[in-house]
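Below is one structure, written out as structure tokens; comments come after it.
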Amino acid sequence: ELGNEQFKASNFSKALYHYHFAINYLKGLKENGANVDQKERIDAIMVAVWNNMSSVFLKQKKPQRAQAVLSDALKADDSNVKAHLRIAKAYTALNDTDHVAKHLQRARELAPDDKALAAQFAVLKRMRAADDKKSAGFYKGMFAAMNNNNNNNSDNNNTSKTPDDEAVALDEQVVQLDE
């Protein structure tokens with residue numbers, strides 16, 4: 001709760017302090033004699049805290065950190081839609097379209113009517129279009145360079161030689177070496 005108050009006040013470093021404190025406290029509870037039901041409740045709270053931490057990291061433009069805490073959240077609860085959406089945002093910032101698609105697809109499986117998904121899929125579509133455009137430019141440049149090399153090579157060889165012509169020329173060189 002203290003972390004959330006600091007987050008709302010845009011005191012992100014203080015919010016992170018409280019979230020880290022909560023995670024460490026919850027880990028201690030979980031490791032020191034919690035029963036199965038208590039561990040499940042602790043895991044649910046930890047997932048919520050990791051989601052909150054990821055919001056801070058995304059606000060701070062630290063997508064790798066957000067991705068790391070969300071990976072922990074998803075290990076604890078792979079059915080958490082919010083974690084899948086946020087990790088997709090982190091991967092978007094990292095320009096990793098494959099992971100964005102993977103997590104958006106999983107979120108869609110879990111919550112097909114979630115309106116936030118449509119916006120994130122639109123972002124993914126734009127990312128893929130930009131990647132396709134970059135790839136097309138790269139390959140266009142690569143093939144242009146290859147064509148230039150081929151043209152230069154054919155310019156250097158004014159006559160077009162057949163394999164038989166090349167074999168005869170090679171034989172003539174061998175004969176000259178023998179003499």
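Just so we're on the same page: first chain in the structure tokens is A, next is B, and so on; residues restart at 1 for each chain, and ligands are numbered from 1 in the order they show up.
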**Request:** Fewer than 5 positions away in the same chain doesn't count, so skip those; otherwise give me all residues within 12 Å of A:Gln64, counting only C-alpha atoms, as a list in words.
**Result:** Ser54, Phe57, Leu58, Val69, Leu70, Ser71, Arg86, Ile87, Ala88, Lys89, Ala90, Tyr91, Thr92, Ala93, Leu94, Asn95 and Asp96 of chain A
With all heavy atoms retained, could you export that selection as a compact mmCIF listing (two decimals), in the first residue's frame?
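File written: again02.txt
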```txt
# COMPACT_ATOMS: atom_id res chain seq x y z
N SER A 54 6.84 -3.57 -12.04
CA SER A 54 7.03 -3.44 -13.49
C SER A 54 6.51 -2.11 -14.00
O SER A 54 7.10 -1.52 -14.91
CB SER A 54 6.37 -4.61 -14.22
OG SER A 54 4.95 -4.48 -14.24
N PHE A 57 9.21 0.38 -13.37
CA PHE A 57 10.32 0.22 -14.31
C PHE A 57 9.94 0.70 -15.71
O PHE A 57 10.77 1.31 -16.41
CB PHE A 57 10.81 -1.22 -14.35
CG PHE A 57 11.52 -1.65 -13.09
CD1 PHE A 57 11.20 -2.83 -12.46
CD2 PHE A 57 12.52 -0.86 -12.54
CE1 PHE A 57 11.85 -3.23 -11.30
CE2 PHE A 57 13.19 -1.24 -11.38
CZ PHE A 57 12.85 -2.44 -10.76
N LEU A 58 8.72 0.46 -16.13
CA LEU A 58 8.29 0.94 -17.44
C LEU A 58 8.22 2.47 -17.46
O LEU A 58 8.62 3.10 -18.44
CB LEU A 58 6.95 0.32 -17.84
CG LEU A 58 7.01 -1.18 -18.18
CD1 LEU A 58 5.60 -1.75 -18.33
CD2 LEU A 58 7.84 -1.42 -19.42
N VAL A 69 11.21 -8.70 -13.55
CA VAL A 69 10.24 -8.92 -12.46
C VAL A 69 8.97 -9.58 -12.98
O VAL A 69 8.35 -10.37 -12.27
CB VAL A 69 9.93 -7.63 -11.67
CG1 VAL A 69 11.15 -7.11 -10.95
CG2 VAL A 69 9.29 -6.56 -12.51
N LEU A 70 8.60 -9.28 -14.22
CA LEU A 70 7.41 -9.92 -14.78
C LEU A 70 7.66 -11.39 -15.08
O LEU A 70 6.73 -12.21 -15.00
CB LEU A 70 6.95 -9.17 -16.03
CG LEU A 70 6.33 -7.81 -15.70
CD1 LEU A 70 6.27 -6.93 -16.93
CD2 LEU A 70 4.96 -7.97 -15.05
N SER A 71 8.88 -11.74 -15.41
CA SER A 71 9.21 -13.16 -15.57
C SER A 71 9.00 -13.90 -14.25
O SER A 71 8.47 -15.02 -14.24
CB SER A 71 10.65 -13.33 -16.05
OG SER A 71 10.78 -12.87 -17.37
N ARG A 86 1.86 -6.49 -19.54
CA ARG A 86 2.99 -5.62 -19.18
C ARG A 86 4.31 -6.14 -19.73
O ARG A 86 5.15 -5.35 -20.15
CB ARG A 86 3.06 -5.44 -17.67
CG ARG A 86 1.92 -4.56 -17.18
CD ARG A 86 2.26 -3.83 -15.91
NE ARG A 86 1.15 -2.99 -15.53
CZ ARG A 86 0.65 -2.93 -14.31
NH1 ARG A 86 1.21 -3.64 -13.34
NH2 ARG A 86 -0.35 -2.13 -14.04
N ILE A 87 4.48 -7.44 -19.73
CA ILE A 87 5.74 -7.96 -20.27
C ILE A 87 5.76 -7.73 -21.79
O ILE A 87 6.83 -7.49 -22.37
CB ILE A 87 6.00 -9.43 -19.88
CG1 ILE A 87 7.49 -9.75 -19.99
CG2 ILE A 87 5.16 -10.40 -20.70
CD1 ILE A 87 7.91 -11.05 -19.34
N ALA A 88 4.60 -7.78 -22.42
CA ALA A 88 4.53 -7.45 -23.85
C ALA A 88 4.96 -6.00 -24.07
O ALA A 88 5.67 -5.69 -25.03
CB ALA A 88 3.12 -7.69 -24.39
N LYS A 89 4.55 -5.10 -23.17
CA LYS A 89 4.98 -3.69 -23.27
C LYS A 89 6.49 -3.56 -23.07
O LYS A 89 7.14 -2.78 -23.76
CB LYS A 89 4.24 -2.83 -22.24
CG LYS A 89 2.80 -2.59 -22.59
CD LYS A 89 2.11 -1.73 -21.56
CE LYS A 89 0.64 -1.56 -21.92
NZ LYS A 89 -0.07 -0.71 -20.96
N ALA A 90 7.03 -4.35 -22.15
CA ALA A 90 8.48 -4.31 -21.93
C ALA A 90 9.21 -4.80 -23.18
O ALA A 90 10.18 -4.18 -23.63
CB ALA A 90 8.85 -5.16 -20.72
N TYR A 91 8.74 -5.89 -23.75
CA TYR A 91 9.36 -6.41 -24.97
C TYR A 91 9.16 -5.46 -26.15
O TYR A 91 10.00 -5.40 -27.05
CB TYR A 91 8.85 -7.81 -25.30
CG TYR A 91 9.49 -8.90 -24.46
CD1 TYR A 91 8.72 -9.74 -23.68
CD2 TYR A 91 10.87 -9.08 -24.46
CE1 TYR A 91 9.31 -10.75 -22.92
CE2 TYR A 91 11.47 -10.07 -23.70
CZ TYR A 91 10.68 -10.91 -22.93
OH TYR A 91 11.28 -11.89 -22.18
N THR A 92 8.06 -4.72 -26.14
CA THR A 92 7.85 -3.71 -27.18
C THR A 92 8.95 -2.66 -27.10
O THR A 92 9.55 -2.29 -28.11
CB THR A 92 6.46 -3.04 -27.03
OG1 THR A 92 5.45 -4.03 -27.22
CG2 THR A 92 6.28 -1.93 -28.05
N ALA A 93 9.24 -2.21 -25.89
CA ALA A 93 10.31 -1.23 -25.69
C ALA A 93 11.67 -1.80 -26.08
O ALA A 93 12.56 -1.05 -26.50
CB ALA A 93 10.33 -0.75 -24.24
N LEU A 94 11.82 -3.11 -25.97
CA LEU A 94 13.07 -3.78 -26.34
C LEU A 94 13.08 -4.18 -27.82
O LEU A 94 14.04 -4.76 -28.30
CB LEU A 94 13.29 -5.01 -25.46
CG LEU A 94 13.49 -4.72 -23.97
CD1 LEU A 94 13.42 -6.01 -23.16
CD2 LEU A 94 14.80 -4.00 -23.74
N ASN A 95 11.99 -3.88 -28.51
CA ASN A 95 11.82 -4.17 -29.94
C ASN A 95 11.97 -5.67 -30.23
O ASN A 95 12.56 -6.07 -31.22
CB ASN A 95 12.80 -3.35 -30.79
CG ASN A 95 12.29 -3.17 -32.20
OD1 ASN A 95 11.08 -3.18 -32.43
ND2 ASN A 95 13.19 -3.02 -33.14
N ASP A 96 11.39 -6.49 -29.37
CA ASP A 96 11.44 -7.94 -29.50
C ASP A 96 10.04 -8.43 -29.90
O ASP A 96 9.23 -8.84 -29.06
CB ASP A 96 11.89 -8.57 -28.19
CG ASP A 96 12.10 -10.07 -28.27
OD1 ASP A 96 11.55 -10.71 -29.19
OD2 ASP A 96 12.80 -10.59 -27.40
```
What lies within 12 Å of A:Val47 using only C-alpha atoms, ignoring chain neighbours under 3 positions off, as a short mmCIF file (atom, residue, chain, number, x, y, z; two decimals) with N, CA and C atoms, in the first residue's frame?
```cif
data_model
loop_
_atom_site.label_atom_id
_atom_site.label_comp_id
_atom_site.auth_asym_id
_atom_site.auth_seq_id
_atom_site.Cartn_x
_atom_site.Cartn_y
_atom_site.Cartn_z
N TYR A 19 8.11 -1.72 -2.58
CA TYR A 19 7.81 -2.98 -3.28
C TYR A 19 8.88 -4.03 -3.00
N ALA A 22 8.39 -5.36 0.42
CA ALA A 22 7.25 -6.28 0.47
C ALA A 22 7.62 -7.65 -0.09
N ILE A 23 8.34 -7.66 -1.22
CA ILE A 23 8.74 -8.95 -1.82
C ILE A 23 9.63 -9.73 -0.86
N LEU A 26 7.55 -11.07 2.01
CA LEU A 26 6.70 -12.18 1.59
C LEU A 26 7.51 -13.45 1.33
N LYS A 27 8.70 -13.30 0.76
CA LYS A 27 9.57 -14.47 0.57
C LYS A 27 9.91 -15.09 1.90
N GLU A 40 -0.10 -20.05 -1.44
CA GLU A 40 -0.86 -19.61 -2.61
C GLU A 40 -1.26 -18.15 -2.49
N ARG A 41 -1.70 -17.76 -1.29
CA ARG A 41 -2.06 -16.34 -1.08
C ARG A 41 -0.83 -15.44 -1.16
N ILE A 42 0.28 -15.91 -0.62
CA ILE A 42 1.53 -15.14 -0.69
C ILE A 42 1.96 -14.98 -2.15
N ASP A 43 1.88 -16.06 -2.92
CA ASP A 43 2.23 -15.97 -4.34
C ASP A 43 1.36 -14.95 -5.06
N ALA A 44 0.07 -14.95 -4.79
CA ALA A 44 -0.85 -14.00 -5.44
C ALA A 44 -0.46 -12.55 -5.10
N TRP A 50 4.96 -7.62 -8.01
CA TRP A 50 5.84 -7.62 -9.19
C TRP A 50 5.21 -6.83 -10.34
N ASN A 51 3.89 -6.95 -10.50
CA ASN A 51 3.21 -6.15 -11.51
C ASN A 51 3.37 -4.66 -11.23
N ASN A 52 3.25 -4.29 -9.97
CA ASN A 52 3.42 -2.88 -9.59
C ASN A 52 4.86 -2.42 -9.84
N MET A 53 5.80 -3.27 -9.50
CA MET A 53 7.21 -2.93 -9.74
C MET A 53 7.45 -2.73 -11.23
N SER A 54 6.84 -3.57 -12.04
CA SER A 54 7.03 -3.44 -13.49
C SER A 54 6.51 -2.11 -14.00
N VAL A 69 11.21 -8.70 -13.55
CA VAL A 69 10.24 -8.92 -12.46
C VAL A 69 8.97 -9.58 -12.98
N LEU A 70 8.60 -9.28 -14.22
CA LEU A 70 7.41 -9.92 -14.78
C LEU A 70 7.66 -11.39 -15.08
N SER A 71 8.88 -11.74 -15.41
CA SER A 71 9.21 -13.16 -15.57
C SER A 71 9.00 -13.90 -14.25
N ASP A 72 9.39 -13.26 -13.15
CA ASP A 72 9.14 -13.86 -11.83
C ASP A 72 7.64 -14.00 -11.58
N ALA A 73 6.88 -12.97 -11.93
CA ALA A 73 5.43 -13.01 -11.74
C ALA A 73 4.81 -14.15 -12.55
N LEU A 74 5.26 -14.31 -13.79
CA LEU A 74 4.67 -15.35 -14.64
C LEU A 74 5.12 -16.75 -14.23
N LYS A 75 6.29 -16.86 -13.60
CA LYS A 75 6.69 -18.17 -13.06
C LYS A 75 5.75 -18.56 -11.93
N ALA A 76 5.33 -17.57 -11.16
CA ALA A 76 4.43 -17.84 -10.04
C ALA A 76 2.99 -18.04 -10.51
N ASP A 77 2.60 -17.33 -11.59
CA ASP A 77 1.22 -17.41 -12.07
C ASP A 77 1.18 -17.09 -13.57
N ASP A 78 1.26 -18.12 -14.39
CA ASP A 78 1.26 -17.93 -15.84
C ASP A 78 -0.09 -17.49 -16.38
N SER A 79 -1.12 -17.48 -15.54
CA SER A 79 -2.44 -17.08 -16.00
C SER A 79 -2.75 -15.62 -15.68
N ASN A 80 -1.76 -14.86 -15.26
CA ASN A 80 -1.98 -13.46 -14.91
C ASN A 80 -1.94 -12.60 -16.18
N VAL A 81 -3.11 -12.15 -16.61
CA VAL A 81 -3.23 -11.39 -17.85
C VAL A 81 -2.45 -10.08 -17.78
N LYS A 82 -2.55 -9.41 -16.63
CA LYS A 82 -1.86 -8.13 -16.48
C LYS A 82 -0.34 -8.31 -16.66
N ALA A 83 0.21 -9.38 -16.13
CA ALA A 83 1.65 -9.63 -16.28
C ALA A 83 2.00 -9.89 -17.75
N HIS A 84 1.14 -10.62 -18.46
CA HIS A 84 1.41 -10.86 -19.89
C HIS A 84 1.34 -9.56 -20.68
#
```
**Coordinates-based distance that separates atom CA of A:Gly3 from atom CA of A:Asn24 (Å, one decimal)** =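 Spanning atom CA of A:Asn24 to atom CA of A:Gly3 is a straight-line distance of 13.7 Å.
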**Asked** Pick the closest to A:Lys8 from A:Gln67, A:Lys59, A:Asp114, A:Glu31: which is it, counting only C-alpha atoms?
**Response**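 The closest residue to A:Lys8 is A:Lys59.
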**Request:** Quote the spacing between atom CA of A:Pro63 and atom CA of A:Leu85 in Å to one decimal place.
**Result:**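 Pair atom CA of A:Pro63 / atom CA of A:Leu85 returns 13.0 Å.
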**Item:** Atom-to-atom span, atom CA of A:Ala101 and atom CA of A:Val49, Å
**Value:** 24.3 Å
